[in-house]
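Asker: Pasting a structure here, questions to come.
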Amino acid sequence: MLPFHRVAAEDFAAVNQRILDQLHSDVPLVENIGHYLVEAGGKRLRPLLVLLCARACNYRDESHIDLATIIEFIHTATLLHDDVVDTSDMRRGRLTANAKWGNAPSVLVGDFLYSRAFQMMIALQDMRIMALLSDTTNTIAEGEVQQLVNAGDPEVSEENYFGVIYKKTGALFEAACETAAVLAECSAEEQNALKLYGRHLGLAFQLVDDALDYRGNPEELGKNVGDDLAEGKPTLPLIYTIANGSESQAALVREAIEQRSAAKLVEIVEAIEACGALDYTMERARTAVEDAKAQLDFLPESDQKTALQQLASFAVERNV
């Protein structure tokens, strides 16, 4: 357990139990896939953000447990759908649900998790939270479609890329923090500060993920290095290499994106390292982390505030 998890250990255990309780279904396959995903572990950063932000804002009730569970169900549903779209077969060092059970069950259980999340949202009886999370799920879906459109296109701009990673990743981090602030009855200014903290933190995590796809250890990552390249995803390391590398480096990357091929992965890793693309990507991540931390100034000193700062630092210090 990482330091920022320990601060919320009791609440985190309650969320894990609520997840198991809410996975109940009369259809065994739903529970089988649901439990398989839960057992896969992961850092569960999005629900953790709900817990830390709520307590940092002096929230003393228990509805943040349900809110954290809702956020985790939305995230897990997107992963199920992502893996089908990307034809991924490995996540967190294990077979993906679609590799184990097939595409149709994975998509449908993803739908079950989305709908269960909205059932739980209604039980919270807070229209502000419902509005935020409804908008967020729509934004995530838009990001998924845009990423699909971008696949195989070496002309994708850096601006377009940042728009996609905000929608795919930043938006749910943002929603986790903002809805926790709403639940804690924070002022509009405080809600916006935590919203921006979540947005910048989510961008930092995605930037590092995109760098690790070319620099990471497959066993530590729990997935294959070069997966993004094989799917033709024009991530920032590739976009930077096309714009700033030599003519031959740019041509190499363009061809790989267009052909959606990782056949020349070794040469491409050499190219993006040589032109500074990974360093640039990590520098953008570090800037996002500093922007995130700056949003926490309004919070009183507490273990939860310290944990939020540590979590931001972890985004750029991790290897997985």
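By convention in this document, the chains of the structure tokens carry letters A, B, ... by their order, each chain's residues are numbered from 1, and ligands are numbered from 1 in the order they are shown.
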Show which residues sit within 12 Å of His35 of chain A, as a PyMOL selection string. Count only C-alpha atoms, and ignore same-chain residues fewer than 2 positions away.
Answerer: chain A and resi 16-17+19-25+28-33+37-41+76+97+109+113
Asker: Can you write out the residues you just picked, keeping N, CA, C and O atoms, as a short mmCIF file (atom, residue, chain, number, x, y, z; two decimals), in the first residue's frame?
Answerer:
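Ended up saving to selection.cif:
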data_model
loop_
_atom_site.label_atom_id
_atom_site.label_comp_id
_atom_site.auth_asym_id
_atom_site.auth_seq_id
_atom_site.Cartn_x
_atom_site.Cartn_y
_atom_site.Cartn_z
N ASN A 16 -13.98 -0.89 -1.23
CA ASN A 16 -13.78 -2.24 -1.77
C ASN A 16 -14.97 -3.14 -1.44
O ASN A 16 -15.42 -3.93 -2.28
N GLN A 17 -15.49 -3.03 -0.22
CA GLN A 17 -16.64 -3.83 0.16
C GLN A 17 -17.89 -3.39 -0.59
O GLN A 17 -18.69 -4.22 -1.05
N ILE A 19 -17.99 -2.06 -3.55
CA ILE A 19 -17.84 -2.54 -4.92
C ILE A 19 -18.35 -3.99 -5.02
O ILE A 19 -19.14 -4.33 -5.91
N LEU A 20 -17.91 -4.82 -4.10
CA LEU A 20 -18.33 -6.23 -4.10
C LEU A 20 -19.84 -6.34 -3.91
O LEU A 20 -20.51 -7.14 -4.59
N ASP A 21 -20.39 -5.55 -3.00
CA ASP A 21 -21.84 -5.59 -2.75
C ASP A 21 -22.62 -5.19 -3.99
O ASP A 21 -23.65 -5.80 -4.31
N GLN A 22 -22.13 -4.16 -4.69
CA GLN A 22 -22.87 -3.62 -5.83
C GLN A 22 -22.66 -4.42 -7.11
O GLN A 22 -23.31 -4.16 -8.12
N LEU A 23 -21.76 -5.38 -7.09
CA LEU A 23 -21.56 -6.25 -8.26
C LEU A 23 -22.59 -7.38 -8.30
O LEU A 23 -22.63 -8.14 -9.26
N HIS A 24 -23.43 -7.46 -7.28
CA HIS A 24 -24.41 -8.55 -7.23
C HIS A 24 -25.32 -8.51 -8.46
O HIS A 24 -25.81 -7.47 -8.86
N SER A 25 -25.54 -9.69 -9.03
CA SER A 25 -26.43 -9.83 -10.19
C SER A 25 -27.00 -11.24 -10.20
O SER A 25 -26.37 -12.19 -9.73
N PRO A 28 -24.86 -14.98 -13.39
CA PRO A 28 -23.52 -15.33 -12.87
C PRO A 28 -22.36 -14.74 -13.67
O PRO A 28 -21.34 -14.36 -13.09
N LEU A 29 -22.51 -14.66 -15.00
CA LEU A 29 -21.40 -14.15 -15.81
C LEU A 29 -21.06 -12.71 -15.45
O LEU A 29 -19.89 -12.31 -15.48
N VAL A 30 -22.08 -11.91 -15.12
CA VAL A 30 -21.85 -10.53 -14.71
C VAL A 30 -20.95 -10.51 -13.47
O VAL A 30 -19.96 -9.77 -13.41
N GLU A 31 -21.31 -11.31 -12.48
CA GLU A 31 -20.52 -11.36 -11.25
C GLU A 31 -19.12 -11.93 -11.50
O GLU A 31 -18.14 -11.45 -10.94
N ASN A 32 -19.02 -12.94 -12.35
CA ASN A 32 -17.71 -13.55 -12.64
C ASN A 32 -16.75 -12.53 -13.23
O ASN A 32 -15.59 -12.42 -12.80
N ILE A 33 -17.22 -11.81 -14.23
CA ILE A 33 -16.36 -10.82 -14.88
C ILE A 33 -16.08 -9.66 -13.92
O ILE A 33 -14.95 -9.17 -13.81
N LEU A 37 -12.32 -8.49 -12.50
CA LEU A 37 -11.76 -7.15 -12.64
C LEU A 37 -11.33 -6.59 -11.28
O LEU A 37 -10.28 -5.97 -11.16
N VAL A 38 -12.16 -6.81 -10.27
CA VAL A 38 -11.83 -6.31 -8.93
C VAL A 38 -10.57 -6.99 -8.40
O VAL A 38 -9.69 -6.34 -7.83
N GLU A 39 -10.48 -8.30 -8.62
CA GLU A 39 -9.32 -9.06 -8.12
C GLU A 39 -8.02 -8.66 -8.83
O GLU A 39 -6.92 -8.91 -8.30
N ALA A 40 -8.15 -8.05 -10.01
CA ALA A 40 -6.95 -7.63 -10.75
C ALA A 40 -6.20 -6.53 -10.01
O ALA A 40 -5.03 -6.26 -10.28
N GLY A 41 -6.89 -5.90 -9.07
CA GLY A 41 -6.23 -4.88 -8.25
C GLY A 41 -6.12 -3.55 -8.97
O GLY A 41 -7.10 -3.03 -9.47
N THR A 76 -14.06 1.41 -14.65
CA THR A 76 -13.94 0.01 -15.05
C THR A 76 -14.73 -0.28 -16.32
O THR A 76 -14.28 -1.05 -17.18
N ALA A 97 -10.57 -9.05 -19.92
CA ALA A 97 -11.85 -9.76 -19.89
C ALA A 97 -12.25 -10.23 -21.28
O ALA A 97 -12.78 -11.34 -21.45
N VAL A 109 -21.06 -6.36 -19.94
CA VAL A 109 -20.77 -6.15 -18.52
C VAL A 109 -20.32 -4.69 -18.29
O VAL A 109 -20.63 -4.10 -17.25
N LEU A 113 -22.03 -2.12 -15.64
CA LEU A 113 -21.34 -1.27 -14.66
C LEU A 113 -21.73 0.20 -14.81
O LEU A 113 -21.91 0.91 -13.82
#
Asker: Write out as a list in words the residues lying within 10 Å of Leu79 of chain A, counting only C-alpha atoms and excluding same-chain residues fewer than 4 positions away.
Answerer: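 The residues satisfying every condition are Leu37, Phe73, Ile74, His75, Asp83, Val84, Val85, Arg91, Thr96, Ala97, Ser106, Val107 and Gly110 of chain A.
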Asker: Which is closest to Lys43 of chain A among A:Arg18, A:Arg254, A:Arg260, A:Arg92, if we use only C-alpha atoms?
Answerer: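 Of A:Arg18, A:Arg254, A:Arg260, A:Arg92, the one nearest Lys43 of chain A is A:Arg92, counting only C-alpha atoms.
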Asker: Give the answer as one residue: which of A:Val164, A:Val149, A:Val182, A:Leu265 has the shortest atom-to-atom distance to Thr235 of chain A, using only C-alpha atoms?
Answerer: A:Val164
Asker: Determine which residues of segment 24-227 of chain A receive a DSSP assignment of strand (DSSP E or B), computed from the backbone, and state them as number ranges by chain.
Answerer: A: 90-91, 94-95
Asker: Keeping N, CA and C atoms, export the residues of the selection given above as a PDB file, in the first residue's frame.
Answerer:
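Saved the output as selection-v2.pdb:
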ATOM      1  N   MET A  90      -3.846  -7.967 -22.670  1.00  0.00           N
ATOM      2  CA  MET A  90      -3.174  -7.919 -21.376  1.00  0.00           C
ATOM      3  C   MET A  90      -3.469  -6.606 -20.672  1.00  0.00           C
ATOM      4  N   ARG A  91      -3.801  -6.687 -19.393  1.00  0.00           N
ATOM      5  CA  ARG A  91      -3.952  -5.497 -18.550  1.00  0.00           C
ATOM      6  C   ARG A  91      -3.596  -5.898 -17.130  1.00  0.00           C
ATOM      7  N   ARG A  94      -2.502  -9.509 -16.489  1.00  0.00           N
ATOM      8  CA  ARG A  94      -3.423 -10.640 -16.652  1.00  0.00           C
ATOM      9  C   ARG A  94      -4.161 -10.495 -17.975  1.00  0.00           C
ATOM     10  N   LEU A  95      -4.796 -11.592 -18.387  1.00  0.00           N
ATOM     11  CA  LEU A  95      -5.635 -11.520 -19.575  1.00  0.00           C
ATOM     12  C   LEU A  95      -6.746 -10.501 -19.362  1.00  0.00           C
TER      13      LEU A  95
END
Asker: Quick one, how far is atom CA of Phe173 of chain A from atom CA of Asn103 of chain A?
Answerer: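 If I compute the distance from atom CA of Phe173 of chain A to atom CA of Asn103 of chain A, I get 26.7 Å.
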Asker: Which neighbours of Ala131 of chain A fall inside 12 Å, counting only C-alpha atoms, when residues of the same chain fewer than 4 positions from it are skipped, and could you give them as a ChimeraX atom specification?
Answerer: /A:118,121-122,125-127,135-138,175,178-179,182
Asker: Can you check which parts of segment 158-194 of chain A lie within 7 Å of segment 46-58 of chain A? Per residue, the shortest pair of atoms and distance in Å to one decimal, counting only C-alpha atoms, sorted by chain and number, as a Markdown table.
Answerer:
| residue | atom | partner | partner_atom | distance |
| --- | --- | --- | --- | --- |
| A:Phe173 | CA | A:Arg46 | CA | 5.9 |
| A:Ala176 | CA | A:Val50 | CA | 5.3 |
| A:Cys177 | CA | A:Val50 | CA | 5.7 |
| A:Ala180 | CA | A:Ala54 | CA | 5.0 |
| A:Ala181 | CA | A:Ala54 | CA | 6.1 |
| A:Ala184 | CA | A:Ala54 | CA | 5.9 |
Asker: At what distance in Å, to one decimal, does atom CA of Leu311 of chain A lie from atom CA of Gly198 of chain A?
Answerer: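 Spanning atom CA of Gly198 of chain A to atom CA of Leu311 of chain A is a straight-line distance of 10.9 Å.
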Asker: Counting only C-alpha atoms, which of A:Ala171, A:Ala250, A:Ala315, A:Ala285 gets nearest to Ile268 of chain A?
Answerer: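 Smallest separation from Ile268 of chain A among the options: A:Ala250.
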Asker: Can you tell me, as a ChimeraX atom specification, what residues are no more than 9 Å from Asp279 of chain A when counting only C-alpha atoms, ignoring any on the same chain fewer than 4 positions away?
Answerer: /A:211,237,273,275,283-284
Asker: Could you check the closest approach to Ile129 of chain A for each of A:Val316, A:Ile70, A:Ile165, A:Leu148 and tell me which residue wins, using only C-alpha atoms?
Answerer: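 Closest to Ile129 of chain A of all the choices is A:Ile70.
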Asker: Select, from A:Thr287, A:Glu142, A:Ser134, A:Lys168, the residue with the minimum atom-to-atom distance to Ala117 of chain A, counting only C-alpha atoms.
Answerer: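 Of A:Thr287, A:Glu142, A:Ser134, A:Lys168, the one nearest Ala117 of chain A is A:Ser134, counting only C-alpha atoms.
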Asker: Quick one: distance from atom CA of Ala262 of chain A to atom CA of Ala230 of chain A in Å, one decimal?
Answerer: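 Computed distance, atom CA of Ala262 of chain A to atom CA of Ala230 of chain A, equals 4.8 Å.
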